[in-house]
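Visitor: Sending over entry35.cif (mmCIF, C-alpha atoms and all ligand atoms).
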```cif
data_upload
loop_
_atom_site.label_atom_id
_atom_site.label_comp_id
_atom_site.auth_asym_id
_atom_site.auth_seq_id
_atom_site.Cartn_x
_atom_site.Cartn_y
_atom_site.Cartn_z
CA MET A 169 106.78 117.58 103.30
CA SER A 170 107.14 114.51 101.06
CA GLU A 171 105.65 114.45 97.57
CA PRO A 172 102.13 112.97 97.50
CA VAL A 173 101.82 109.41 96.22
CA LEU A 174 98.32 110.24 95.04
CA LYS A 175 97.11 113.62 93.91
CA LEU A 176 93.61 114.25 92.62
CA GLU A 177 93.44 117.60 90.84
CA ASN A 178 89.86 118.82 90.59
CA ILE A 179 88.57 115.55 89.26
CA GLY A 180 84.96 114.94 88.36
CA ARG A 181 82.77 112.18 87.03
CA THR A 182 79.44 112.26 85.28
CA PHE A 183 77.56 109.22 83.99
CA SER A 184 75.27 109.20 80.97
CA GLN A 185 71.81 107.88 81.74
CA GLY A 186 70.05 107.81 78.37
CA GLN A 187 69.85 111.46 77.31
CA GLU A 188 70.57 112.67 80.82
CA LYS A 189 73.92 113.34 82.42
CA VAL A 190 74.20 112.38 86.09
CA LEU A 191 76.82 114.33 88.01
CA VAL A 192 78.45 112.25 90.76
CA LEU A 193 81.70 114.05 91.55
CA GLU A 194 82.92 117.55 90.80
CA ASN A 195 86.13 119.43 91.66
CA VAL A 196 87.45 116.75 93.96
CA ALA A 197 90.94 117.55 95.22
CA LEU A 198 92.98 115.33 97.49
CA GLU A 199 96.61 114.65 98.31
CA LEU A 200 97.67 111.41 99.94
CA HIS A 201 101.20 111.35 101.33
CA PRO A 202 103.41 108.27 101.83
CA GLY A 203 102.18 106.17 104.73
CA GLU A 204 99.11 108.29 105.35
CA ILE A 205 95.86 106.46 106.14
CA VAL A 206 92.77 108.46 105.23
CA ALA A 207 89.12 107.60 105.83
CA LEU A 208 86.64 108.42 103.08
CA LEU A 209 83.16 108.97 104.49
CA GLY A 210 79.90 109.98 102.84
CA PRO A 211 76.30 108.83 102.60
CA SER A 212 75.33 105.85 100.49
CA GLY A 213 75.34 106.85 96.82
CA SER A 214 77.48 109.94 97.39
CA GLY A 215 80.31 108.68 95.18
CA LYS A 216 82.89 107.00 97.43
CA SER A 217 83.28 103.90 95.24
CA THR A 218 83.36 106.08 92.13
CA LEU A 219 86.15 108.15 93.70
CA LEU A 220 88.18 105.03 94.50
CA GLN A 221 87.73 103.77 90.95
CA LEU A 222 89.01 107.06 89.54
CA ALA A 223 91.94 107.14 91.98
CA GLY A 224 92.72 103.51 91.11
CA LEU A 225 92.73 104.19 87.36
CA LEU A 226 89.89 101.74 86.82
CA GLU A 227 88.03 104.42 84.93
CA PRO A 228 88.99 107.87 83.69
CA PRO A 229 87.62 111.05 85.25
CA THR A 230 85.43 113.23 83.03
CA MET A 231 87.49 116.18 84.23
CA GLY A 232 90.70 116.82 86.14
CA SER A 233 93.86 114.80 86.65
CA VAL A 234 94.89 111.76 88.65
CA ILE A 235 98.59 111.90 89.49
CA ILE A 236 100.18 108.79 90.96
CA ASP A 237 103.75 108.94 92.26
CA GLY A 238 104.32 112.02 90.10
CA ILE A 239 102.87 110.45 86.92
CA ASP A 240 99.90 112.24 85.37
CA CYS A 241 97.81 109.20 84.52
CA SER A 242 94.94 111.16 82.97
CA LYS A 243 97.09 111.85 79.95
CA ALA A 244 98.81 108.45 79.90
CA ARG A 245 98.09 105.64 77.45
CA ASP A 246 96.10 102.60 78.58
CA THR A 247 99.23 100.45 78.78
CA LYS A 248 100.91 102.98 81.07
CA ARG A 249 97.81 103.24 83.26
CA THR A 250 97.68 99.45 83.57
CA GLU A 251 101.38 99.36 84.50
CA VAL A 252 100.97 102.09 87.15
CA ARG A 253 97.91 100.31 88.56
CA ARG A 254 99.73 96.98 88.74
CA ASP A 255 102.95 98.32 90.25
CA LYS A 256 101.74 101.05 92.57
CA ILE A 257 98.17 100.34 93.67
CA GLY A 258 96.51 97.59 95.70
CA PHE A 259 92.74 97.16 95.99
CA VAL A 260 90.63 95.70 98.79
CA TYR A 261 86.87 95.37 98.40
CA GLN A 262 83.96 94.58 100.69
CA PHE A 263 83.84 91.07 99.21
CA HIS A 264 87.14 89.27 98.99
CA HIS A 265 87.06 88.22 95.29
CA LEU A 266 89.59 85.46 95.95
CA LEU A 267 89.96 82.77 93.30
CA PRO A 268 88.03 79.78 94.71
CA GLU A 269 90.11 77.03 93.13
CA PHE A 270 93.39 78.32 94.55
CA SER A 271 94.73 78.14 98.11
CA ALA A 272 95.35 81.22 100.27
CA VAL A 273 99.06 81.26 99.47
CA GLU A 274 98.42 80.77 95.74
CA ASN A 275 95.93 83.66 95.74
CA VAL A 276 98.51 85.93 97.34
CA MET A 277 101.26 84.72 94.95
CA MET A 278 99.15 85.56 91.89
CA PRO A 279 99.97 89.29 91.51
CA ASN A 280 103.71 88.49 91.81
CA LEU A 281 103.49 85.67 89.26
CA ILE A 282 101.64 87.96 86.82
CA SER A 283 104.42 90.52 87.32
CA GLY A 284 107.03 87.89 86.41
CA VAL A 285 108.43 87.18 89.88
CA PRO A 286 109.90 83.63 90.07
CA LYS A 287 107.58 81.12 91.75
CA SER A 288 109.80 80.36 94.77
CA LYS A 289 110.23 84.06 95.52
CA ALA A 290 106.49 84.72 95.09
CA LYS A 291 105.74 81.86 97.47
CA SER A 292 108.09 83.04 100.20
CA HIS A 293 106.75 86.59 99.87
CA ALA A 294 103.13 85.39 100.04
CA THR A 295 103.95 83.22 103.06
CA GLU A 296 105.55 86.18 104.81
CA LEU A 297 102.51 88.38 104.12
CA LEU A 298 100.03 85.76 105.29
CA THR A 299 102.10 85.17 108.41
CA ARG A 300 101.99 88.92 109.07
CA MET A 301 98.19 88.65 108.79
CA GLY A 302 98.13 85.87 111.40
CA LEU A 303 97.35 83.18 108.83
CA GLU A 304 100.48 81.00 108.86
CA HIS A 305 98.25 78.01 109.74
CA ARG A 306 95.91 78.63 106.79
CA LEU A 307 98.34 78.79 103.85
CA SER A 308 97.01 75.81 101.94
CA HIS A 309 93.32 76.36 102.67
CA ARG A 310 91.04 77.32 99.80
CA PRO A 311 88.80 80.38 100.35
CA ALA A 312 85.70 78.25 101.02
CA LYS A 313 87.51 76.66 103.98
CA LEU A 314 88.30 80.02 105.56
CA SER A 315 86.13 82.21 107.80
CA GLY A 316 84.95 85.62 106.51
CA GLY A 317 87.60 87.42 108.56
CA GLU A 318 90.32 85.09 107.29
CA GLN A 319 89.19 85.54 103.68
CA GLN A 320 89.40 89.31 104.08
CA ARG A 321 92.88 89.07 105.61
CA VAL A 322 94.00 86.99 102.60
CA ALA A 323 92.52 89.65 100.32
CA ILE A 324 94.52 92.34 102.17
CA ALA A 325 97.71 90.25 101.87
CA ARG A 326 97.04 89.84 98.14
CA ALA A 327 96.55 93.60 97.74
CA LEU A 328 100.01 94.11 99.28
CA ALA A 329 101.76 91.44 97.20
CA ASN A 330 103.23 93.83 94.63
CA ASN A 331 104.43 96.20 97.37
CA PRO A 332 102.09 99.02 96.32
CA LEU A 333 102.56 102.63 97.36
CA ILE A 334 98.81 103.04 97.73
CA LEU A 335 96.02 100.82 99.04
CA LEU A 336 92.49 101.68 97.97
CA ALA A 337 89.93 99.97 100.16
CA ASP A 338 86.18 100.03 99.60
CA GLU A 339 84.45 99.10 102.87
CA PRO A 340 87.07 96.43 103.59
CA THR A 341 85.28 95.24 106.73
CA GLY A 342 81.72 96.07 105.64
CA ASN A 343 80.72 92.44 105.26
CA LEU A 344 81.94 91.29 108.69
CA ASP A 345 80.37 91.22 112.13
CA GLU A 346 81.54 93.94 114.51
CA GLN A 347 84.11 91.90 116.41
CA THR A 348 85.65 90.35 113.28
CA ALA A 349 85.64 93.75 111.54
CA GLU A 350 87.59 95.19 114.47
CA MET A 351 90.20 92.41 114.32
CA VAL A 352 90.60 92.60 110.52
CA PHE A 353 90.79 96.40 110.62
CA GLN A 354 93.55 96.27 113.24
CA TYR A 355 95.57 93.95 110.97
CA PHE A 356 94.89 96.31 108.07
CA LEU A 357 96.15 99.33 110.06
CA ASP A 358 99.20 97.53 111.44
CA VAL A 359 100.35 96.09 108.13
CA THR A 360 99.86 99.32 106.17
CA ARG A 361 101.71 101.27 108.88
CA ASP A 362 104.55 98.68 109.03
CA ARG A 363 105.06 98.94 105.31
CA GLY A 364 104.56 102.68 104.97
CA VAL A 365 101.75 102.18 102.48
CA ALA A 366 99.32 105.08 102.00
CA ALA A 367 95.66 104.09 102.18
CA LEU A 368 92.34 105.62 101.24
CA VAL A 369 89.56 103.70 102.94
CA ALA A 370 85.86 104.18 102.15
CA THR A 371 83.76 103.29 105.16
CA HIS A 372 80.43 103.94 106.87
CA ASN A 373 82.00 103.10 110.23
CA THR A 374 82.83 106.35 112.03
CA GLU A 375 84.62 104.55 114.87
CA LEU A 376 87.06 102.95 112.42
CA ALA A 377 87.37 106.28 110.59
CA SER A 378 88.38 108.02 113.81
CA ARG A 379 91.37 105.68 114.12
CA MET A 380 92.83 106.70 110.77
CA ASP A 381 95.16 109.69 110.32
CA ARG A 382 92.45 111.96 108.94
CA ILE A 383 88.95 111.97 107.53
CA VAL A 384 87.61 113.38 104.26
CA ARG A 385 83.91 113.34 103.32
CA VAL A 386 82.04 113.37 100.06
CA HIS A 387 79.55 116.21 100.34
CA ASP A 388 77.61 117.85 97.53
CA HIS A 389 79.66 115.99 94.88
CA SER A 390 82.94 117.27 96.30
CA LEU A 391 85.33 116.48 99.15
CA VAL A 392 85.36 118.28 102.46
CA VAL A 393 87.97 117.80 105.17
CA ASP A 394 86.85 117.21 108.76
N1 LIG B 1 78.35 103.10 85.83
C1 LIG B 1 77.43 103.93 86.33
N2 LIG B 1 76.44 104.44 85.57
C2 LIG B 1 75.54 105.30 86.08
N3 LIG B 1 75.54 105.73 87.35
C3 LIG B 1 76.50 105.25 88.17
C4 LIG B 1 77.50 104.33 87.72
N4 LIG B 1 78.31 104.04 88.76
C5 LIG B 1 77.84 104.74 89.81
N5 LIG B 1 76.77 105.47 89.47
C6 LIG B 1 75.99 106.36 90.34
O1 LIG B 1 76.91 107.17 91.04
C7 LIG B 1 76.42 107.44 92.36
C8 LIG B 1 77.51 107.14 93.35
O2 LIG B 1 77.71 105.73 93.45
P1 LIG B 1 78.86 105.10 94.35
O3 LIG B 1 78.74 103.63 94.24
O4 LIG B 1 80.15 105.72 93.98
O5 LIG B 1 78.41 105.60 95.81
P2 LIG B 1 78.96 105.18 97.25
O6 LIG B 1 79.15 106.43 98.02
O7 LIG B 1 80.14 104.29 97.10
O8 LIG B 1 77.72 104.37 97.82
P3 LIG B 1 77.68 103.18 98.93
O9 LIG B 1 78.12 103.79 100.23
O10 LIG B 1 76.22 102.82 98.95
O11 LIG B 1 78.55 102.08 98.43
C9 LIG B 1 75.16 106.60 92.54
O12 LIG B 1 74.06 107.44 92.39
C10 LIG B 1 75.24 105.60 91.42
O13 LIG B 1 73.96 105.24 90.97
#
```
Please go through the file and, once you have read it, give me the structure as structure tokens.
Ligand SMILES: Nc1ncnc2c1ncn2[C@@H]1O[C@H](COP(=O)(O)OP(=O)(O)OP(=O)(O)O)[C@@H](O)[C@H]1O
Guide:
Amino acid sequence: MSEPVLKLENIGRTFSQGQEKVLVLENVALELHPGEIVALLGPSGSGKSTLLQLAGLLEPPTMGSVIIDGIDCSKARDTKRTEVRRDKIGFVYQFHHLLPEFSAVENVMMPNLISGVPKSKAKSHATELLTRMGLEHRLSHRPAKLSGGEQQRVAIARALANNPLILLADEPTGNLDEQTAEMVFQYFLDVTRDRGVAALVATHNTELASRMDRIVRVHDHSLVVD
């Protein structure tokens, strides 16, 4: 079997609340292989978002190791963690977080421009991604002129701009009505499968979860496999 693109080795996270320590995650182990799409389920407050933040190197675990594409990021310097995050990980959230003063294509170009890709190349790449998301007629629209489903599809295209190995998605369709959520989720599945990107998707929607390759659940601070 291929090497995992993401490996969580017994990671845990506690938060300090005044004098108290609040345990959220403990001994979480997970391997995500190239192209694998995994649903992350668990009740509200169980730690799904916290787990995605640890996996995405947005905060360090209080124990254990996060290994991305063979690199042990727990022991890496901040600059290395930032580089791994930029080059290997894409994020999609429940709310799109697009930059309001920029058009759809400019939003999707942004990660490439920050990485030093020439403007013309970034533009053609962003156009290709938005076209793949069914948005070729919305390239120059600003976020406020797009529907909720279109905004989320732009956010997915932006998350793919740097050709990540891993997509981390936190309730990517949680803010959409059922029909729009279905359409956006199908785009999400198709584009991640096309590109062989591995994805870990936190969701409360068991129907969407059942269409992913497998399901893991946060239970009692740890992960159980369905
Ligand atoms: N920075 C923080 N400081 C203190 N506690 C925190 C912090 N971040 C998260 N928590 C706590 O960690 C627990 C897990 O939160 P998290 O947002 O990861 O849950 P979740 O499963 O994503 O919930 P939901 O499905 O409602 O989004 C919660 O009890 C939350 O209050």
Visitor: Given a cut-off of 6 Å, what residues near ligand LIG 1 (chain B) show up using only C-alpha atoms and all ligand atoms, put as JSON, numbers by chain?
Guide: {"A": [183, 192, 211, 212, 213, 214, 215, 216, 217, 218]}
Visitor: Nearest residue to A:Val206 out of A:Ser390, A:Thr360, A:Gln320, A:Thr348, using only C-alpha atoms?
Guide: A:Thr360
Visitor: Just the residues within 6 Å of stretch 171-177 of chain A, please, counting all atoms listed in the file, with nothing from its chain fewer than 4 positions along; format it as a tab-separated table (two decimals) with C-alpha atoms, keeping the file's coordinate frame.
Guide:
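Now in part.tsv:
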```tsv
chain	number	residue	atom	x	y	z
A	197	ALA	CA	90.94	117.55	95.22
A	198	LEU	CA	92.98	115.33	97.49
A	199	GLU	CA	96.61	114.65	98.31
A	200	LEU	CA	97.67	111.41	99.94
A	201	HIS	CA	101.20	111.35	101.33
A	202	PRO	CA	103.41	108.27	101.83
A	232	GLY	CA	90.70	116.82	86.14
A	233	SER	CA	93.86	114.80	86.65
A	234	VAL	CA	94.89	111.76	88.65
A	235	ILE	CA	98.59	111.90	89.49
A	236	ILE	CA	100.18	108.79	90.96
A	237	ASP	CA	103.75	108.94	92.26
```
Visitor: Which residues of stretch 222-305 of chain A come within 10 Å of stretch 367-381 of chain A, and what is each one's closest atom pair and distance in Å (one decimal), counting only C-alpha atoms, sorted by chain and residue number, as a tab-separated table?
Guide:
```
residue	atom	partner	partner_atom	distance
A:Ala223	CA	A:Leu368	CA	9.4
A:Ile257	CA	A:Ala367	CA	9.6
A:Gly258	CA	A:Ala367	CA	9.2
A:Phe259	CA	A:Ala367	CA	9.7
A:Val260	CA	A:Val369	CA	9.1
A:Tyr261	CA	A:Ala370	CA	9.6
A:Gln262	CA	A:Thr371	CA	9.8
```
Visitor: Using all atoms listed in the file, determine which residues lie at most 6 Å from A:Leu193, disregarding the query and same-chain residues fewer than 4 positions distant; provide the list as number ranges by chain.
Guide: A: 180-181, 389-390
Visitor: Which residue gives the smallest distance to A:Ala323 among A:Asn280, A:Thr250, A:Asn275, A:Asn195, with all atoms listed in the file counted?
Guide: A:Asn275
Visitor: What separation in Å, quoted to one decimal, exists between atom CA of A:Arg310 and atom CA of A:Ala272?
Guide: 5.8 Å
Visitor: Select, from A:Ser242, A:Asn330, A:Gln347, A:Gln354, the residue with the minimum atom-to-atom distance to A:Arg300, counting all atoms listed in the file.
Guide: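 The closest residue to A:Arg300 is A:Gln354.
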Visitor: Could you tell me how far atom CA of A:Pro340 lies from atom CA of A:Asp394, in Å and to one decimal?
Guide: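 According to the coordinates, atom CA of A:Pro340 and atom CA of A:Asp394 are separated by 21.4 Å.
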Visitor: Residues at most 9 Å from A:Met301, counting all atoms listed in the file, excluding those fewer than 6 positions away in the same chain, as a compact mmCIF listing (two decimals) with C-alpha atoms, in the coordinates of the input?
Guide:
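Result file follows (part_27.txt):
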```txt
# COMPACT_ATOMS: atom_id res chain seq x y z
CA GLU A 318 90.32 85.09 107.29
CA ARG A 321 92.88 89.07 105.61
CA VAL A 322 94.00 86.99 102.60
CA ILE A 324 94.52 92.34 102.17
CA ALA A 325 97.71 90.25 101.87
CA VAL A 352 90.60 92.60 110.52
CA TYR A 355 95.57 93.95 110.97
CA PHE A 356 94.89 96.31 108.07
CA VAL A 359 100.35 96.09 108.13
```
Visitor: Find, counting all atoms listed in the file, the residue in A:Val276, A:Val365, A:Thr341, A:Leu303 that gets nearest to A:Ala329.
Guide: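 Of A:Val276, A:Val365, A:Thr341, A:Leu303, the one nearest A:Ala329 is A:Val276, counting all atoms listed in the file.
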Visitor: Could you state the separation of atom CA of A:Lys189 and atom CA of A:Met231 in Å, given to one decimal place?
Guide: 14.0 Å
Visitor: Which protein, DNA or RNA residues have an atom at most 10 Å from (89.6, 78.9, 97.0), counting all atoms listed in the file? List them as a CSV table (one decimal) with C-alpha atoms, keeping the file's coordinate frame.
Guide:
```csv
chain,number,residue,atom,x,y,z
A,265,HIS,CA,87.1,88.2,95.3
A,266,LEU,CA,89.6,85.5,96.0
A,267,LEU,CA,90.0,82.8,93.3
A,268,PRO,CA,88.0,79.8,94.7
A,269,GLU,CA,90.1,77.0,93.1
A,270,PHE,CA,93.4,78.3,94.6
A,271,SER,CA,94.7,78.1,98.1
A,272,ALA,CA,95.4,81.2,100.3
A,274,GLU,CA,98.4,80.8,95.7
A,275,ASN,CA,95.9,83.7,95.7
A,308,SER,CA,97.0,75.8,101.9
A,309,HIS,CA,93.3,76.4,102.7
A,310,ARG,CA,91.0,77.3,99.8
A,311,PRO,CA,88.8,80.4,100.4
A,312,ALA,CA,85.7,78.2,101.0
A,313,LYS,CA,87.5,76.7,104.0
A,314,LEU,CA,88.3,80.0,105.6
A,319,GLN,CA,89.2,85.5,103.7
```
Visitor: Using all atoms listed in the file, which residue out of A:Ala327, A:Leu220, A:Leu208, A:Ile282 lies closest to A:Arg382?
Guide: A:Leu208
Visitor: Between A:Arg361, A:Ala290, A:Glu350, A:Lys256, which has the minimum distance to A:Asn331 (counting only C-alpha atoms)?
Guide: A:Lys256
